[in-house]
file start.pdb (PDB, N, CA and C atoms, pLDDT in the B column)
ATOM      1  N   MET A  15      68.521 122.125 109.197  1.00 70.00           N
ATOM      2  CA  MET A  15      68.698 120.679 109.230  1.00 70.00           C
ATOM      3  C   MET A  15      69.982 120.270 108.509  1.00 70.00           C
ATOM      4  N   ASP A  16      70.253 120.854 107.323  1.00 82.00           N
ATOM      5  CA  ASP A  16      71.470 120.520 106.585  1.00 82.00           C
ATOM      6  C   ASP A  16      72.710 120.886 107.377  1.00 82.00           C
ATOM      7  N   ILE A  17      72.652 121.984 108.097  1.00 85.00           N
ATOM      8  CA  ILE A  17      73.801 122.412 108.888  1.00 85.00           C
ATOM      9  C   ILE A  17      74.049 121.424 110.025  1.00 85.00           C
ATOM     10  N   GLU A  18      72.987 120.924 110.629  1.00 89.00           N
ATOM     11  CA  GLU A  18      73.125 119.942 111.702  1.00 89.00           C
ATOM     12  C   GLU A  18      73.783 118.666 111.189  1.00 89.00           C
ATOM     13  N   ILE A  19      73.354 118.208 110.027  1.00 91.00           N
ATOM     14  CA  ILE A  19      73.935 117.002 109.431  1.00 91.00           C
ATOM     15  C   ILE A  19      75.400 117.254 109.108  1.00 91.00           C
ATOM     16  N   TYR A  20      75.700 118.407 108.527  1.00 90.00           N
ATOM     17  CA  TYR A  20      77.083 118.765 108.196  1.00 90.00           C
ATOM     18  C   TYR A  20      77.949 118.760 109.452  1.00 90.00           C
ATOM     19  N   ASP A  21      77.438 119.364 110.526  1.00 91.00           N
ATOM     20  CA  ASP A  21      78.185 119.412 111.779  1.00 91.00           C
ATOM     21  C   ASP A  21      78.433 118.007 112.335  1.00 91.00           C
ATOM     22  N   LYS A  22      77.434 117.130 112.233  1.00 93.00           N
ATOM     23  CA  LYS A  22      77.593 115.754 112.717  1.00 93.00           C
ATOM     24  C   LYS A  22      78.636 115.000 111.896  1.00 93.00           C
ATOM     25  N   VAL A  23      78.611 115.195 110.581  1.00 93.00           N
ATOM     26  CA  VAL A  23      79.586 114.545 109.707  1.00 93.00           C
ATOM     27  C   VAL A  23      80.987 115.031 110.039  1.00 93.00           C
ATOM     28  N   LYS A  24      81.148 116.320 110.236  1.00 93.00           N
ATOM     29  CA  LYS A  24      82.454 116.880 110.591  1.00 93.00           C
ATOM     30  C   LYS A  24      82.939 116.313 111.926  1.00 93.00           C
ATOM     31  N   GLU A  25      82.054 116.186 112.888  1.00 94.00           N
ATOM     32  CA  GLU A  25      82.428 115.627 114.185  1.00 94.00           C
ATOM     33  C   GLU A  25      82.849 114.160 114.031  1.00 94.00           C
ATOM     34  N   LEU A  26      82.119 113.393 113.227  1.00 95.00           N
ATOM     35  CA  LEU A  26      82.493 112.004 112.970  1.00 95.00           C
ATOM     36  C   LEU A  26      83.864 111.915 112.307  1.00 95.00           C
ATOM     37  N   GLU A  27      84.133 112.810 111.351  1.00 95.00           N
ATOM     38  CA  GLU A  27      85.439 112.824 110.695  1.00 95.00           C
ATOM     39  C   GLU A  27      86.550 113.090 111.710  1.00 95.00           C
ATOM     40  N   ARG A  28      86.320 114.015 112.629  1.00 95.00           N
ATOM     41  CA  ARG A  28      87.316 114.310 113.671  1.00 95.00           C
ATOM     42  C   ARG A  28      87.542 113.097 114.564  1.00 95.00           C
ATOM     43  N   GLU A  29      86.458 112.433 114.934  1.00 95.00           N
ATOM     44  CA  GLU A  29      86.563 111.253 115.789  1.00 95.00           C
ATOM     45  C   GLU A  29      87.325 110.127 115.088  1.00 95.00           C
ATOM     46  N   ILE A  30      87.016 109.916 113.815  1.00 94.00           N
ATOM     47  CA  ILE A  30      87.709 108.883 113.039  1.00 94.00           C
ATOM     48  C   ILE A  30      89.195 109.211 112.951  1.00 94.00           C
ATOM     49  N   TRP A  31      89.524 110.480 112.722  1.00 93.00           N
ATOM     50  CA  TRP A  31      90.917 110.908 112.651  1.00 93.00           C
ATOM     51  C   TRP A  31      91.633 110.611 113.975  1.00 93.00           C
ATOM     52  N   LYS A  32      90.979 110.915 115.082  1.00 93.00           N
ATOM     53  CA  LYS A  32      91.575 110.649 116.398  1.00 93.00           C
ATOM     54  C   LYS A  32      91.826 109.153 116.597  1.00 93.00           C
ATOM     55  N   ILE A  33      90.878 108.325 116.184  1.00 91.00           N
ATOM     56  CA  ILE A  33      91.027 106.879 116.312  1.00 91.00           C
ATOM     57  C   ILE A  33      92.191 106.383 115.454  1.00 91.00           C
ATOM     58  N   LYS A  34      92.291 106.889 114.231  1.00 86.00           N
ATOM     59  CA  LYS A  34      93.400 106.500 113.353  1.00 86.00           C
ATOM     60  C   LYS A  34      94.743 106.847 113.987  1.00 86.00           C
ATOM     61  N   ILE A  35      94.852 108.051 114.498  1.00 87.00           N
ATOM     62  CA  ILE A  35      96.100 108.490 115.126  1.00 87.00           C
ATOM     63  C   ILE A  35      96.421 107.607 116.330  1.00 87.00           C
ATOM     64  N   ALA A  36      95.416 107.325 117.148  1.00 87.00           N
ATOM     65  CA  ALA A  36      95.634 106.486 118.331  1.00 87.00           C
ATOM     66  C   ALA A  36      96.097 105.092 117.929  1.00 87.00           C
ATOM     67  N   LEU A  37      95.501 104.514 116.892  1.00 84.00           N
ATOM     68  CA  LEU A  37      95.898 103.189 116.427  1.00 84.00           C
ATOM     69  C   LEU A  37      97.317 103.189 115.883  1.00 84.00           C
ATOM     70  N   LEU A  38      97.664 104.222 115.137  1.00 81.00           N
ATOM     71  CA  LEU A  38      99.025 104.307 114.598  1.00 81.00           C
ATOM     72  C   LEU A  38     100.055 104.440 115.720  1.00 81.00           C
ATOM     73  N   LYS A  39      99.727 105.261 116.708  1.00 83.00           N
ATOM     74  CA  LYS A  39     100.659 105.469 117.821  1.00 83.00           C
ATOM     75  C   LYS A  39     100.811 104.224 118.685  1.00 83.00           C
ATOM     76  N   SER A  40      99.729 103.464 118.835  1.00 85.00           N
ATOM     77  CA  SER A  40      99.765 102.281 119.702  1.00 85.00           C
ATOM     78  C   SER A  40     100.383 101.071 119.006  1.00 85.00           C
ATOM     79  N   GLY A  41     100.574 101.161 117.711  1.00 78.00           N
ATOM     80  CA  GLY A  41     101.112 100.020 116.976  1.00 78.00           C
ATOM     81  C   GLY A  41     100.032  99.077 116.499  1.00 78.00           C
ATOM     82  N   GLY A  42      98.772  99.441 116.710  1.00 70.00           N
ATOM     83  CA  GLY A  42      97.655  98.616 116.258  1.00 70.00           C
ATOM     84  C   GLY A  42      97.582  98.526 114.746  1.00 70.00           C
ATOM     85  N   ILE A  43      98.049  99.551 114.077  1.00 69.00           N
ATOM     86  CA  ILE A  43      98.119  99.576 112.619  1.00 69.00           C
ATOM     87  C   ILE A  43      99.560  99.916 112.272  1.00 69.00           C
ATOM     88  N   LYS A  44     100.131  99.134 111.406  1.00 70.00           N
ATOM     89  CA  LYS A  44     101.501  99.400 110.997  1.00 70.00           C
ATOM     90  C   LYS A  44     101.495  99.901 109.564  1.00 70.00           C
ATOM     91  N   LYS A  45     102.143 101.039 109.368  1.00 70.00           N
ATOM     92  CA  LYS A  45     102.268 101.571 108.023  1.00 70.00           C
ATOM     93  C   LYS A  45     103.381 100.829 107.307  1.00 70.00           C
ATOM     94  N   SER A  46     103.124 100.475 106.071  1.00 71.00           N
ATOM     95  CA  SER A  46     104.125  99.796 105.272  1.00 71.00           C
ATOM     96  C   SER A  46     105.171 100.807 104.824  1.00 71.00           C
ATOM     97  N   LYS A  47     106.419 100.472 105.025  1.00 76.00           N
ATOM     98  CA  LYS A  47     107.487 101.361 104.592  1.00 76.00           C
ATOM     99  C   LYS A  47     107.807 101.133 103.124  1.00 76.00           C
ATOM    100  N   LYS A  48     107.412  99.981 102.619  1.00 80.00           N
ATOM    101  CA  LYS A  48     107.696  99.623 101.242  1.00 80.00           C
ATOM    102  C   LYS A  48     106.380  99.666 100.457  1.00 80.00           C
ATOM    103  N   PRO A  49     106.357 100.374  99.336  1.00 78.00           N
ATOM    104  CA  PRO A  49     105.122 100.415  98.543  1.00 78.00           C
ATOM    105  C   PRO A  49     104.749  99.027  98.025  1.00 78.00           C
ATOM    106  N   ILE A  50     103.475  98.784  97.944  1.00 77.00           N
ATOM    107  CA  ILE A  50     102.966  97.513  97.446  1.00 77.00           C
ATOM    108  C   ILE A  50     102.909  97.581  95.924  1.00 77.00           C
ATOM    109  N   SER A  51     103.456  96.598  95.267  1.00 78.00           N
ATOM    110  CA  SER A  51     103.453  96.570  93.810  1.00 78.00           C
ATOM    111  C   SER A  51     102.078  96.135  93.301  1.00 78.00           C
ATOM    112  N   LEU A  52     101.564  96.884  92.355  1.00 78.00           N
ATOM    113  CA  LEU A  52     100.289  96.527  91.727  1.00 78.00           C
ATOM    114  C   LEU A  52     100.515  95.995  90.313  1.00 78.00           C
ATOM    115  N   GLU A  53     101.772  95.676  90.023  1.00 77.00           N
ATOM    116  CA  GLU A  53     102.120  95.178  88.703  1.00 77.00           C
ATOM    117  C   GLU A  53     101.314  93.916  88.397  1.00 77.00           C
ATOM    118  N   GLY A  54     100.692  93.912  87.252  1.00 80.00           N
ATOM    119  CA  GLY A  54      99.926  92.742  86.834  1.00 80.00           C
ATOM    120  C   GLY A  54      98.483  92.748  87.280  1.00 80.00           C
ATOM    121  N   ILE A  55      98.078  93.737  88.055  1.00 82.00           N
ATOM    122  CA  ILE A  55      96.710  93.742  88.571  1.00 82.00           C
ATOM    123  C   ILE A  55      95.675  93.908  87.445  1.00 82.00           C
ATOM    124  N   TRP A  56      96.066  94.573  86.358  1.00 77.00           N
ATOM    125  CA  TRP A  56      95.133  94.817  85.256  1.00 77.00           C
ATOM    126  C   TRP A  56      95.300  93.805  84.120  1.00 77.00           C
ATOM    127  N   GLU A  57      96.040  92.743  84.340  1.00 82.00           N
ATOM    128  CA  GLU A  57      96.283  91.752  83.299  1.00 82.00           C
ATOM    129  C   GLU A  57      94.957  91.196  82.777  1.00 82.00           C
ATOM    130  N   GLY A  58      94.805  91.228  81.466  1.00 85.00           N
ATOM    131  CA  GLY A  58      93.609  90.683  80.829  1.00 85.00           C
ATOM    132  C   GLY A  58      92.435  91.642  80.786  1.00 85.00           C
ATOM    133  N   ILE A  59      92.600  92.855  81.299  1.00 86.00           N
ATOM    134  CA  ILE A  59      91.514  93.837  81.295  1.00 86.00           C
ATOM    135  C   ILE A  59      91.804  94.901  80.245  1.00 86.00           C
ATOM    136  N   GLU A  60      90.802  95.202  79.446  1.00 88.00           N
ATOM    137  CA  GLU A  60      90.956  96.208  78.409  1.00 88.00           C
ATOM    138  C   GLU A  60      90.247  97.485  78.851  1.00 88.00           C
ATOM    139  N   ILE A  61      90.979  98.585  78.887  1.00 87.00           N
ATOM    140  CA  ILE A  61      90.418  99.877  79.272  1.00 87.00           C
ATOM    141  C   ILE A  61      90.340 100.728  78.019  1.00 87.00           C
ATOM    142  N   THR A  62      89.130 101.179  77.704  1.00 92.00           N
ATOM    143  CA  THR A  62      88.914 101.968  76.489  1.00 92.00           C
ATOM    144  C   THR A  62      88.974 103.465  76.795  1.00 92.00           C
ATOM    145  N   GLU A  63      89.038 104.252  75.744  1.00 94.00           N
ATOM    146  CA  GLU A  63      89.010 105.705  75.894  1.00 94.00           C
ATOM    147  C   GLU A  63      87.699 106.144  76.552  1.00 94.00           C
ATOM    148  N   GLU A  64      86.618 105.441  76.227  1.00 94.00           N
ATOM    149  CA  GLU A  64      85.320 105.741  76.824  1.00 94.00           C
ATOM    150  C   GLU A  64      85.357 105.520  78.342  1.00 94.00           C
ATOM    151  N   ASP A  65      86.016 104.456  78.777  1.00 93.00           N
ATOM    152  CA  ASP A  65      86.172 104.187  80.210  1.00 93.00           C
ATOM    153  C   ASP A  65      86.923 105.323  80.892  1.00 93.00           C
ATOM    154  N   ILE A  66      87.969 105.787  80.242  1.00 91.00           N
ATOM    155  CA  ILE A  66      88.778 106.874  80.798  1.00 91.00           C
ATOM    156  C   ILE A  66      87.962 108.157  80.884  1.00 91.00           C
ATOM    157  N   GLU A  67      87.196 108.464  79.851  1.00 91.00           N
ATOM    158  CA  GLU A  67      86.358 109.670  79.860  1.00 91.00           C
ATOM    159  C   GLU A  67      85.297 109.599  80.957  1.00 91.00           C
ATOM    160  N   ARG A  68      84.674 108.434  81.121  1.00 91.00           N
ATOM    161  CA  ARG A  68      83.680 108.275  82.190  1.00 91.00           C
ATOM    162  C   ARG A  68      84.308 108.464  83.563  1.00 91.00           C
ATOM    163  N   ALA A  69      85.511 107.950  83.728  1.00 91.00           N
ATOM    164  CA  ALA A  69      86.207 108.101  85.003  1.00 91.00           C
ATOM    165  C   ALA A  69      86.528 109.572  85.263  1.00 91.00           C
ATOM    166  N   LYS A  70      86.974 110.286  84.236  1.00 90.00           N
ATOM    167  CA  LYS A  70      87.281 111.715  84.381  1.00 90.00           C
ATOM    168  C   LYS A  70      86.023 112.485  84.776  1.00 90.00           C
ATOM    169  N   LYS A  71      84.908 112.191  84.106  1.00 89.00           N
ATOM    170  CA  LYS A  71      83.650 112.881  84.421  1.00 89.00           C
ATOM    171  C   LYS A  71      83.210 112.584  85.845  1.00 89.00           C
ATOM    172  N   SER A  72      83.463 111.378  86.301  1.00 89.00           N
ATOM    173  CA  SER A  72      83.100 111.003  87.656  1.00 89.00           C
ATOM    174  C   SER A  72      83.967 111.730  88.686  1.00 89.00           C
ATOM    175  N   LEU A  73      85.250 111.846  88.409  1.00 88.00           N
ATOM    176  CA  LEU A  73      86.180 112.482  89.342  1.00 88.00           C
ATOM    177  C   LEU A  73      86.133 114.001  89.297  1.00 88.00           C
ATOM    178  N   PHE A  74      85.875 114.557  88.118  1.00 87.00           N
ATOM    179  CA  PHE A  74      85.916 116.000  87.929  1.00 87.00           C
ATOM    180  C   PHE A  74      84.639 116.512  87.262  1.00 87.00           C
ATOM    181  N   PRO A  75      83.472 116.342  87.915  1.00 84.00           N
ATOM    182  CA  PRO A  75      82.208 116.732  87.274  1.00 84.00           C
ATOM    183  C   PRO A  75      82.137 118.223  86.975  1.00 84.00           C
ATOM    184  N   GLN A  76      82.819 119.041  87.780  1.00 83.00           N
ATOM    185  CA  GLN A  76      82.782 120.489  87.567  1.00 83.00           C
ATOM    186  C   GLN A  76      83.372 120.863  86.206  1.00 83.00           C
ATOM    187  N   ASP A  77      84.262 120.067  85.668  1.00 81.00           N
ATOM    188  CA  ASP A  77      84.875 120.348  84.371  1.00 81.00           C
ATOM    189  C   ASP A  77      83.990 119.950  83.211  1.00 81.00           C
ATOM    190  N   TYR A  78      82.970 119.138  83.482  1.00 75.00           N
ATOM    191  CA  TYR A  78      82.121 118.629  82.410  1.00 75.00           C
ATOM    192  C   TYR A  78      80.697 119.163  82.460  1.00 75.00           C
ATOM    193  N   ASP A  79      80.341 119.905  83.496  1.00 66.00           N
ATOM    194  CA  ASP A  79      78.986 120.458  83.614  1.00 66.00           C
ATOM    195  C   ASP A  79      78.953 121.871  83.071  1.00 66.00           C
ATOM    196  N   MET A  80      79.151 121.988  81.781  1.00 51.00           N
ATOM    197  CA  MET A  80      79.147 123.324  81.177  1.00 51.00           C
ATOM    198  C   MET A  80      77.973 123.489  80.260  1.00 51.00           C
TER     199      MET A  80
END
call {"tool": "encode", "arguments": {"input": "start.pdb", "output": "structure tokens"}}
result
Amino acid sequence: MDIEIYDKVKELEREIWKIKIALLKSGGIKKSKKPISLEGIWEGIEITEEDIERAKKSLFPQDYDM
């Protein structure tokens, strides 16, 4: 059963990739040539060391499950 679900997910990923490529080629989606500035997006927000550690554990659980 797990293999069937995995295969279906992989097929969906392939289909989504094909749709993305088709949209990019048709001009339906335009890629920005200029990066979008995020300057000021965090204004007024305080990020603590604890927040950073939680984010690291979330992104890299294999490094913290010892």
call {"tool": "select_by_dssp", "arguments": {"input": "start.pdb", "residues": "chain A", "states": "alpha helix (DSSP H)", "output": "PDB file with N, CA and C atoms, in the frame of the given file"}}
result
ATOM      1  N   ASP A  16      70.253 120.854 107.323  1.00 82.00           N
ATOM      2  CA  ASP A  16      71.470 120.520 106.585  1.00 82.00           C
ATOM      3  C   ASP A  16      72.710 120.886 107.377  1.00 82.00           C
ATOM      4  N   ILE A  17      72.652 121.984 108.097  1.00 85.00           N
ATOM      5  CA  ILE A  17      73.801 122.412 108.888  1.00 85.00           C
ATOM      6  C   ILE A  17      74.049 121.424 110.025  1.00 85.00           C
ATOM      7  N   GLU A  18      72.987 120.924 110.629  1.00 89.00           N
ATOM      8  CA  GLU A  18      73.125 119.942 111.702  1.00 89.00           C
ATOM      9  C   GLU A  18      73.783 118.666 111.189  1.00 89.00           C
ATOM     10  N   ILE A  19      73.354 118.208 110.027  1.00 91.00           N
ATOM     11  CA  ILE A  19      73.935 117.002 109.431  1.00 91.00           C
ATOM     12  C   ILE A  19      75.400 117.254 109.108  1.00 91.00           C
ATOM     13  N   TYR A  20      75.700 118.407 108.527  1.00 90.00           N
ATOM     14  CA  TYR A  20      77.083 118.765 108.196  1.00 90.00           C
ATOM     15  C   TYR A  20      77.949 118.760 109.452  1.00 90.00           C
ATOM     16  N   ASP A  21      77.438 119.364 110.526  1.00 91.00           N
ATOM     17  CA  ASP A  21      78.185 119.412 111.779  1.00 91.00           C
ATOM     18  C   ASP A  21      78.433 118.007 112.335  1.00 91.00           C
ATOM     19  N   LYS A  22      77.434 117.130 112.233  1.00 93.00           N
ATOM     20  CA  LYS A  22      77.593 115.754 112.717  1.00 93.00           C
ATOM     21  C   LYS A  22      78.636 115.000 111.896  1.00 93.00           C
ATOM     22  N   VAL A  23      78.611 115.195 110.581  1.00 93.00           N
ATOM     23  CA  VAL A  23      79.586 114.545 109.707  1.00 93.00           C
ATOM     24  C   VAL A  23      80.987 115.031 110.039  1.00 93.00           C
ATOM     25  N   LYS A  24      81.148 116.320 110.236  1.00 93.00           N
ATOM     26  CA  LYS A  24      82.454 116.880 110.591  1.00 93.00           C
ATOM     27  C   LYS A  24      82.939 116.313 111.926  1.00 93.00           C
ATOM     28  N   GLU A  25      82.054 116.186 112.888  1.00 94.00           N
ATOM     29  CA  GLU A  25      82.428 115.627 114.185  1.00 94.00           C
ATOM     30  C   GLU A  25      82.849 114.160 114.031  1.00 94.00           C
ATOM     31  N   LEU A  26      82.119 113.393 113.227  1.00 95.00           N
ATOM     32  CA  LEU A  26      82.493 112.004 112.970  1.00 95.00           C
ATOM     33  C   LEU A  26      83.864 111.915 112.307  1.00 95.00           C
ATOM     34  N   GLU A  27      84.133 112.810 111.351  1.00 95.00           N
ATOM     35  CA  GLU A  27      85.439 112.824 110.695  1.00 95.00           C
ATOM     36  C   GLU A  27      86.550 113.090 111.710  1.00 95.00           C
ATOM     37  N   ARG A  28      86.320 114.015 112.629  1.00 95.00           N
ATOM     38  CA  ARG A  28      87.316 114.310 113.671  1.00 95.00           C
ATOM     39  C   ARG A  28      87.542 113.097 114.564  1.00 95.00           C
ATOM     40  N   GLU A  29      86.458 112.433 114.934  1.00 95.00           N
ATOM     41  CA  GLU A  29      86.563 111.253 115.789  1.00 95.00           C
ATOM     42  C   GLU A  29      87.325 110.127 115.088  1.00 95.00           C
ATOM     43  N   ILE A  30      87.016 109.916 113.815  1.00 94.00           N
ATOM     44  CA  ILE A  30      87.709 108.883 113.039  1.00 94.00           C
ATOM     45  C   ILE A  30      89.195 109.211 112.951  1.00 94.00           C
ATOM     46  N   TRP A  31      89.524 110.480 112.722  1.00 93.00           N
ATOM     47  CA  TRP A  31      90.917 110.908 112.651  1.00 93.00           C
ATOM     48  C   TRP A  31      91.633 110.611 113.975  1.00 93.00           C
ATOM     49  N   LYS A  32      90.979 110.915 115.082  1.00 93.00           N
ATOM     50  CA  LYS A  32      91.575 110.649 116.398  1.00 93.00           C
ATOM     51  C   LYS A  32      91.826 109.153 116.597  1.00 93.00           C
ATOM     52  N   ILE A  33      90.878 108.325 116.184  1.00 91.00           N
ATOM     53  CA  ILE A  33      91.027 106.879 116.312  1.00 91.00           C
ATOM     54  C   ILE A  33      92.191 106.383 115.454  1.00 91.00           C
ATOM     55  N   LYS A  34      92.291 106.889 114.231  1.00 86.00           N
ATOM     56  CA  LYS A  34      93.400 106.500 113.353  1.00 86.00           C
ATOM     57  C   LYS A  34      94.743 106.847 113.987  1.00 86.00           C
ATOM     58  N   ILE A  35      94.852 108.051 114.498  1.00 87.00           N
ATOM     59  CA  ILE A  35      96.100 108.490 115.126  1.00 87.00           C
ATOM     60  C   ILE A  35      96.421 107.607 116.330  1.00 87.00           C
ATOM     61  N   ALA A  36      95.416 107.325 117.148  1.00 87.00           N
ATOM     62  CA  ALA A  36      95.634 106.486 118.331  1.00 87.00           C
ATOM     63  C   ALA A  36      96.097 105.092 117.929  1.00 87.00           C
ATOM     64  N   LEU A  37      95.501 104.514 116.892  1.00 84.00           N
ATOM     65  CA  LEU A  37      95.898 103.189 116.427  1.00 84.00           C
ATOM     66  C   LEU A  37      97.317 103.189 115.883  1.00 84.00           C
ATOM     67  N   LEU A  38      97.664 104.222 115.137  1.00 81.00           N
ATOM     68  CA  LEU A  38      99.025 104.307 114.598  1.00 81.00           C
ATOM     69  C   LEU A  38     100.055 104.440 115.720  1.00 81.00           C
ATOM     70  N   LYS A  39      99.727 105.261 116.708  1.00 83.00           N
ATOM     71  CA  LYS A  39     100.659 105.469 117.821  1.00 83.00           C
ATOM     72  C   LYS A  39     100.811 104.224 118.685  1.00 83.00           C
ATOM     73  N   SER A  40      99.729 103.464 118.835  1.00 85.00           N
ATOM     74  CA  SER A  40      99.765 102.281 119.702  1.00 85.00           C
ATOM     75  C   SER A  40     100.383 101.071 119.006  1.00 85.00           C
ATOM     76  N   GLU A  63      89.038 104.252  75.744  1.00 94.00           N
ATOM     77  CA  GLU A  63      89.010 105.705  75.894  1.00 94.00           C
ATOM     78  C   GLU A  63      87.699 106.144  76.552  1.00 94.00           C
ATOM     79  N   GLU A  64      86.618 105.441  76.227  1.00 94.00           N
ATOM     80  CA  GLU A  64      85.320 105.741  76.824  1.00 94.00           C
ATOM     81  C   GLU A  64      85.357 105.520  78.342  1.00 94.00           C
ATOM     82  N   ASP A  65      86.016 104.456  78.777  1.00 93.00           N
ATOM     83  CA  ASP A  65      86.172 104.187  80.210  1.00 93.00           C
ATOM     84  C   ASP A  65      86.923 105.323  80.892  1.00 93.00           C
ATOM     85  N   ILE A  66      87.969 105.787  80.242  1.00 91.00           N
ATOM     86  CA  ILE A  66      88.778 106.874  80.798  1.00 91.00           C
ATOM     87  C   ILE A  66      87.962 108.157  80.884  1.00 91.00           C
ATOM     88  N   GLU A  67      87.196 108.464  79.851  1.00 91.00           N
ATOM     89  CA  GLU A  67      86.358 109.670  79.860  1.00 91.00           C
ATOM     90  C   GLU A  67      85.297 109.599  80.957  1.00 91.00           C
ATOM     91  N   ARG A  68      84.674 108.434  81.121  1.00 91.00           N
ATOM     92  CA  ARG A  68      83.680 108.275  82.190  1.00 91.00           C
ATOM     93  C   ARG A  68      84.308 108.464  83.563  1.00 91.00           C
ATOM     94  N   ALA A  69      85.511 107.950  83.728  1.00 91.00           N
ATOM     95  CA  ALA A  69      86.207 108.101  85.003  1.00 91.00           C
ATOM     96  C   ALA A  69      86.528 109.572  85.263  1.00 91.00           C
ATOM     97  N   LYS A  70      86.974 110.286  84.236  1.00 90.00           N
ATOM     98  CA  LYS A  70      87.281 111.715  84.381  1.00 90.00           C
ATOM     99  C   LYS A  70      86.023 112.485  84.776  1.00 90.00           C
ATOM    100  N   LYS A  71      84.908 112.191  84.106  1.00 89.00           N
ATOM    101  CA  LYS A  71      83.650 112.881  84.421  1.00 89.00           C
ATOM    102  C   LYS A  71      83.210 112.584  85.845  1.00 89.00           C
ATOM    103  N   SER A  72      83.463 111.378  86.301  1.00 89.00           N
ATOM    104  CA  SER A  72      83.100 111.003  87.656  1.00 89.00           C
ATOM    105  C   SER A  72      83.967 111.730  88.686  1.00 89.00           C
ATOM    106  N   LEU A  73      85.250 111.846  88.409  1.00 88.00           N
ATOM    107  CA  LEU A  73      86.180 112.482  89.342  1.00 88.00           C
ATOM    108  C   LEU A  73      86.133 114.001  89.297  1.00 88.00           C
TER     109      LEU A  73
END
call {"tool": "atom_distance", "arguments": {"input": "start.pdb", "atom1": "atom C of Ala36 (chain A)", "atom2": "atom C of Val23 (chain A)"}}
result
19.7 Å
call {"tool": "atom_distance", "arguments": {"input": "start.pdb", "atom1": "CA of Pro49 (chain A)", "atom2": "CA of Ile35 (chain A)"}}
result
20.5 Å
call {"tool": "atom_distance", "arguments": {"input": "start.pdb", "atom1": "CA of Lys39 (chain A)", "atom2": "CA of Glu25 (chain A)"}}
result
21.2 Å
call {"tool": "axis_aligned_box", "arguments": {"input": "start.pdb", "around": "region 54-69 of chain A", "padding_each_side": "3 Å", "output": "AutoDock Vina command-line options"}}
result
--center_x 92.2 --center_y 100.2 --center_z 82.2 --size_x 23.0 --size_y 25.0 --size_z 18.8
